[in-house]
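S.K.: A single structure is presented below for examination.
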Amino acid sequence: MSKYEARLDDGTDAAVPLFMQGQVRDTDGNPLAGAIVDVWQANTGGTYSWFDPTQSAFNLRRRIETDAQGNYRFRSIVPSGYGCPPTGPTQQLLDQLGRHGQRPAHIHFFISAPGHRHLTTQINLSDDPYLHDDFAYATRDELIAEIRFSDDQQLARELDVQGRFAQIDFDFELQLAAAPVEQQRMQRVRALED
Ligand SMILES: [Fe+2]
């Protein structure tokens, strides 16, 4: 397996396998070889490793480097959407406003390449009932990823999976950085946890 192929899940979640791939390009359409794609997502329970101690370390979190054609590809699982903790203060506030606290299924990305602006983004999966009803208002038309489910068992064998699987093709575009600082992930002041 070459360096631009990765498997995100540790195999313990009996989920639908997901194969995602795409290209990272600049705004002129040139492929960006060696771009760094950091990807992380929730499991089928809607939780993230580290925050969810029942998951293995770094489960569903990987760093991938694009190949000479600017392509990335990885194997993972179809994530679930999730909501605010039902008894937490955010949901209590939303309850008083008569609003739900659900987010559609999504996958997070940091994408970076020398000379280009660091991109923090996420894609939302096209089949989710909350796609256009994200309580965090994070859905953008250009960030909706079409998810295709397949029962093609010949292709499944080639992909080394059994049964149903899903595929997403999604390309990213990086803008040139006007200043070196834009190549870095933005540093924000965060509240300390005690
Ligand atoms: Fe998330």
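Going by the structure tokens order, chains are called A, B, ..., each with residues numbered from 1, while ligands are numbered from 1 in the order shown.
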If you count only C-alpha atoms and all ligand atoms, which residues end up within 10 Å of ligand 1, as a PyMOL selection string?

M.R.: chain A and resi 40-42+46-48+79-83+103-108+122-124

S.K.: Residues as selected, N, CA and C atoms, written as an mmCIF file, in the first residue's frame, can you do that?

M.R.:
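And here's part-v7.cif as it stands now:
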data_model
loop_
_atom_site.group_PDB
_atom_site.id
_atom_site.type_symbol
_atom_site.label_atom_id
_atom_site.label_comp_id
_atom_site.auth_asym_id
_atom_site.auth_seq_id
_atom_site.Cartn_x
_atom_site.Cartn_y
_atom_site.Cartn_z
ATOM 1 N N TRP A 40 -10.800 13.476 9.688
ATOM 2 C CA TRP A 40 -11.330 12.821 10.893
ATOM 3 C C TRP A 40 -12.849 12.844 10.855
ATOM 4 N N GLN A 41 -13.429 11.839 11.487
ATOM 5 C CA GLN A 41 -14.876 11.660 11.400
ATOM 6 C C GLN A 41 -15.380 10.874 12.609
ATOM 7 N N ALA A 42 -16.699 10.875 12.764
ATOM 8 C CA ALA A 42 -17.343 10.108 13.825
ATOM 9 C C ALA A 42 -17.562 8.666 13.375
ATOM 10 N N GLY A 46 -21.859 8.155 16.253
ATOM 11 C CA GLY A 46 -21.798 9.617 16.213
ATOM 12 C C GLY A 46 -20.772 10.201 17.173
ATOM 13 N N THR A 47 -19.757 9.391 17.539
ATOM 14 C CA THR A 47 -18.737 9.908 18.473
ATOM 15 C C THR A 47 -17.343 9.807 17.852
ATOM 16 N N TYR A 48 -16.408 10.600 18.434
ATOM 17 C CA TYR A 48 -15.039 10.686 17.931
ATOM 18 C C TYR A 48 -14.066 10.023 18.898
ATOM 19 N N PRO A 79 -20.032 7.444 8.353
ATOM 20 C CA PRO A 79 -20.285 7.957 9.710
ATOM 21 C C PRO A 79 -21.762 8.250 9.936
ATOM 22 N N SER A 80 -22.131 8.369 11.197
ATOM 23 C CA SER A 80 -23.479 8.826 11.538
ATOM 24 C C SER A 80 -23.433 10.295 11.910
ATOM 25 N N GLY A 81 -24.545 10.953 11.733
ATOM 26 C CA GLY A 81 -24.674 12.294 12.276
ATOM 27 C C GLY A 81 -24.749 12.208 13.786
ATOM 28 N N TYR A 82 -24.773 13.336 14.438
ATOM 29 C CA TYR A 82 -24.872 13.321 15.900
ATOM 30 C C TYR A 82 -25.501 14.615 16.383
ATOM 31 N N GLY A 83 -25.868 14.603 17.656
ATOM 32 C CA GLY A 83 -26.491 15.786 18.220
ATOM 33 C C GLY A 83 -25.758 16.250 19.456
ATOM 34 N N ARG A 103 -26.834 17.306 13.917
ATOM 35 C CA ARG A 103 -26.008 17.636 12.753
ATOM 36 C C ARG A 103 -26.062 16.480 11.766
ATOM 37 N N PRO A 104 -26.055 16.763 10.455
ATOM 38 C CA PRO A 104 -25.993 15.666 9.477
ATOM 39 C C PRO A 104 -24.633 14.971 9.534
ATOM 40 N N ALA A 105 -24.577 13.737 8.991
ATOM 41 C CA ALA A 105 -23.300 13.020 8.914
ATOM 42 C C ALA A 105 -22.312 13.841 8.092
ATOM 43 N N HIS A 106 -21.082 13.929 8.574
ATOM 44 C CA HIS A 106 -20.087 14.769 7.904
ATOM 45 C C HIS A 106 -18.683 14.225 8.162
ATOM 46 N N ILE A 107 -17.736 14.686 7.385
ATOM 47 C CA ILE A 107 -16.328 14.321 7.539
ATOM 48 C C ILE A 107 -15.509 15.609 7.529
ATOM 49 N N HIS A 108 -14.594 15.724 8.502
ATOM 50 C CA HIS A 108 -13.791 16.944 8.665
ATOM 51 C C HIS A 108 -12.455 16.836 7.927
ATOM 52 N N GLN A 122 -15.360 20.839 5.930
ATOM 53 C CA GLN A 122 -16.003 19.551 6.157
ATOM 54 C C GLN A 122 -16.958 19.308 5.013
ATOM 55 N N ILE A 123 -17.205 18.031 4.715
ATOM 56 C CA ILE A 123 -18.222 17.700 3.727
ATOM 57 C C ILE A 123 -19.403 17.081 4.457
ATOM 58 N N ASN A 124 -20.590 17.359 3.964
ATOM 59 C CA ASN A 124 -21.791 16.755 4.510
ATOM 60 C C ASN A 124 -22.322 15.731 3.516
#

S.K.: What residues in segment 16-50 of chain A get the DSSP label strand (DSSP E or B)? Please answer as an MDAnalysis selection string.

M.R.: chainID A and resid 17:26 31 36:41 49

S.K.: Fewer than 4 positions away in the same chain doesn't count, so skip those; otherwise give me all residues within 10 Å of Ser49 of chain A, counting only C-alpha atoms, as an mmCIF file with N, CA and C atoms, in the first residue's frame.

M.R.:
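Okay, selection-v7.cif is ready:
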data_model
loop_
_atom_site.group_PDB
_atom_site.id
_atom_site.type_symbol
_atom_site.label_atom_id
_atom_site.label_comp_id
_atom_site.auth_asym_id
_atom_site.auth_seq_id
_atom_site.Cartn_x
_atom_site.Cartn_y
_atom_site.Cartn_z
ATOM 1 N N TRP A 40 -10.800 13.476 9.688
ATOM 2 C CA TRP A 40 -11.330 12.821 10.893
ATOM 3 C C TRP A 40 -12.849 12.844 10.855
ATOM 4 N N GLN A 41 -13.429 11.839 11.487
ATOM 5 C CA GLN A 41 -14.876 11.660 11.400
ATOM 6 C C GLN A 41 -15.380 10.874 12.609
ATOM 7 N N ALA A 42 -16.699 10.875 12.764
ATOM 8 C CA ALA A 42 -17.343 10.108 13.825
ATOM 9 C C ALA A 42 -17.562 8.666 13.375
ATOM 10 N N ASN A 43 -17.838 7.800 14.352
ATOM 11 C CA ASN A 43 -18.200 6.410 14.045
ATOM 12 C C ASN A 43 -19.718 6.312 13.859
ATOM 13 N N PRO A 53 -13.816 7.331 24.910
ATOM 14 C CA PRO A 53 -12.742 6.427 25.344
ATOM 15 C C PRO A 53 -12.968 4.977 24.951
ATOM 16 N N THR A 54 -14.152 4.626 24.439
ATOM 17 C CA THR A 54 -14.359 3.235 24.008
ATOM 18 C C THR A 54 -13.724 2.967 22.650
ATOM 19 N N GLN A 55 -13.309 4.022 21.941
ATOM 20 C CA GLN A 55 -12.659 3.821 20.646
ATOM 21 C C GLN A 55 -11.135 3.744 20.821
ATOM 22 N N SER A 56 -10.495 3.039 19.889
ATOM 23 C CA SER A 56 -9.034 2.948 19.948
ATOM 24 C C SER A 56 -8.418 4.312 19.621
ATOM 25 N N ALA A 57 -7.164 4.496 20.049
ATOM 26 C CA ALA A 57 -6.490 5.771 19.836
ATOM 27 C C ALA A 57 -6.399 6.082 18.342
ATOM 28 N N PHE A 58 -6.753 7.276 17.980
ATOM 29 C CA PHE A 58 -6.672 7.777 16.597
ATOM 30 C C PHE A 58 -7.605 7.041 15.640
ATOM 31 N N ASN A 59 -8.581 6.301 16.172
ATOM 32 C CA ASN A 59 -9.547 5.676 15.275
ATOM 33 C C ASN A 59 -10.265 6.758 14.469
ATOM 34 N N LEU A 60 -10.379 6.539 13.180
ATOM 35 C CA LEU A 60 -11.089 7.450 12.267
ATOM 36 C C LEU A 60 -10.442 8.831 12.178
ATOM 37 N N ARG A 61 -9.128 8.849 12.391
ATOM 38 C CA ARG A 61 -8.328 10.085 12.215
ATOM 39 C C ARG A 61 -7.040 9.689 11.496
#

S.K.: Between A:Pro129, A:Pro17, A:Gly22, A:Gly11, single out the one closest to Glu173 of chain A, counting only C-alpha atoms.

M.R.: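 Counting only C-alpha atoms, the residue closest to Glu173 of chain A is A:Gly22.
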
S.K.: What's around Gln23 of chain A at 7 Å? Count only C-alpha atoms, leave out sequence neighbours fewer than 6 positions away in its own chain, and write the answer as a list in words.

M.R.: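 Result of the neighbour search: Pro31, Gly70, Asn71, Tyr72, Asp171 and Phe172 of chain A.
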
S.K.: Please provide as a ChimeraX atom specification all residues within 12 Å of Ser76 of chain A, with the sequence filter that same-chain residues fewer than 6 positions apart are discarded (counting only C-alpha atoms).

M.R.: /A:5-21,39-44,59-62,107,159,161,165-168

S.K.: Let me see the file: selected residues, C-alpha atoms, as a PDB file, in the first residue's frame.

M.R.:
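The resulting file, selection-v7.pdb, is reproduced below:
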ATOM      1  CA  GLU A   5      -3.597   5.114   0.823  1.00  0.00           C
ATOM      2  CA  ALA A   6      -4.927   4.784   4.326  1.00  0.00           C
ATOM      3  CA  ARG A   7      -7.592   3.008   6.295  1.00  0.00           C
ATOM      4  CA  LEU A   8      -9.228   5.209   8.912  1.00  0.00           C
ATOM      5  CA  ASP A   9     -11.300   2.678  10.871  1.00  0.00           C
ATOM      6  CA  ASP A  10      -9.879   0.005  13.150  1.00  0.00           C
ATOM      7  CA  GLY A  11     -12.342  -2.617  11.901  1.00  0.00           C
ATOM      8  CA  THR A  12     -14.363  -2.879  15.114  1.00  0.00           C
ATOM      9  CA  ASP A  13     -17.421  -0.938  13.906  1.00  0.00           C
ATOM     10  CA  ALA A  14     -19.778  -3.137  11.869  1.00  0.00           C
ATOM     11  CA  ALA A  15     -20.505  -0.270   9.524  1.00  0.00           C
ATOM     12  CA  VAL A  16     -20.894   0.179   5.789  1.00  0.00           C
ATOM     13  CA  PRO A  17     -17.367   0.494   4.313  1.00  0.00           C
ATOM     14  CA  LEU A  18     -16.712   3.840   2.648  1.00  0.00           C
ATOM     15  CA  PHE A  19     -14.149   4.490  -0.080  1.00  0.00           C
ATOM     16  CA  MET A  20     -13.387   8.167  -0.595  1.00  0.00           C
ATOM     17  CA  GLN A  21     -11.039   9.686  -3.123  1.00  0.00           C
ATOM     18  CA  VAL A  39      -9.200  13.750   7.887  1.00  0.00           C
ATOM     19  CA  TRP A  40     -11.330  12.821  10.893  1.00  0.00           C
ATOM     20  CA  GLN A  41     -14.876  11.660  11.400  1.00  0.00           C
ATOM     21  CA  ALA A  42     -17.343  10.108  13.825  1.00  0.00           C
ATOM     22  CA  ASN A  43     -18.200   6.410  14.045  1.00  0.00           C
ATOM     23  CA  THR A  44     -21.699   4.931  13.639  1.00  0.00           C
ATOM     24  CA  ASN A  59      -9.547   5.676  15.275  1.00  0.00           C
ATOM     25  CA  LEU A  60     -11.089   7.450  12.267  1.00  0.00           C
ATOM     26  CA  ARG A  61      -8.328  10.085  12.215  1.00  0.00           C
ATOM     27  CA  ARG A  62      -5.516  10.010   9.643  1.00  0.00           C
ATOM     28  CA  ILE A 107     -16.328  14.321   7.539  1.00  0.00           C
ATOM     29  CA  LEU A 159     -12.085  -3.560  -2.780  1.00  0.00           C
ATOM     30  CA  VAL A 161     -15.113  -5.945   1.370  1.00  0.00           C
ATOM     31  CA  PHE A 165     -20.357  -0.398   0.433  1.00  0.00           C
ATOM     32  CA  ALA A 166     -20.325   3.322  -0.325  1.00  0.00           C
ATOM     33  CA  GLN A 167     -18.181   5.614  -2.451  1.00  0.00           C
ATOM     34  CA  ILE A 168     -17.522   9.346  -2.468  1.00  0.00           C
TER      35      ILE A 168
END

S.K.: Quick one: DSSP alpha helix (DSSP H) residues in segment 12-138 of chain A, as a list in words?

M.R.: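 Going through segment 12-138 of chain A, the alpha helix (DSSP H) residues come out as Pro89, Thr90, Gln91, Gln92, Leu93, Leu94, Asp95, Gln96 and Leu97 of chain A.
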
S.K.: Next, write the just-selected residues to a file, as an mmCIF file, in the first residue's frame, keeping C-alpha atoms as the atom set.

M.R.:
data_model
loop_
_atom_site.group_PDB
_atom_site.id
_atom_site.type_symbol
_atom_site.label_atom_id
_atom_site.label_comp_id
_atom_site.auth_asym_id
_atom_site.auth_seq_id
_atom_site.Cartn_x
_atom_site.Cartn_y
_atom_site.Cartn_z
ATOM 1 C CA PRO A 89 -26.583 23.093 28.578
ATOM 2 C CA THR A 90 -26.535 23.631 24.793
ATOM 3 C CA GLN A 91 -29.472 21.291 24.287
ATOM 4 C CA GLN A 92 -31.295 22.878 27.247
ATOM 5 C CA LEU A 93 -30.950 26.246 25.521
ATOM 6 C CA LEU A 94 -32.049 24.792 22.176
ATOM 7 C CA ASP A 95 -35.049 23.167 23.874
ATOM 8 C CA GLN A 96 -36.133 26.580 25.129
ATOM 9 C CA LEU A 97 -35.832 27.905 21.578
#

S.K.: Find the residues near Val181 of chain A: any atom within 12 Å, counting only C-alpha atoms, skip ones fewer than 6 places away on the same chain, and give them as a list in words.

M.R.: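 Once the adjacent positions are removed, what remains is Pro114, Gly115, His116, Arg117, His118 and Gln187 of chain A.
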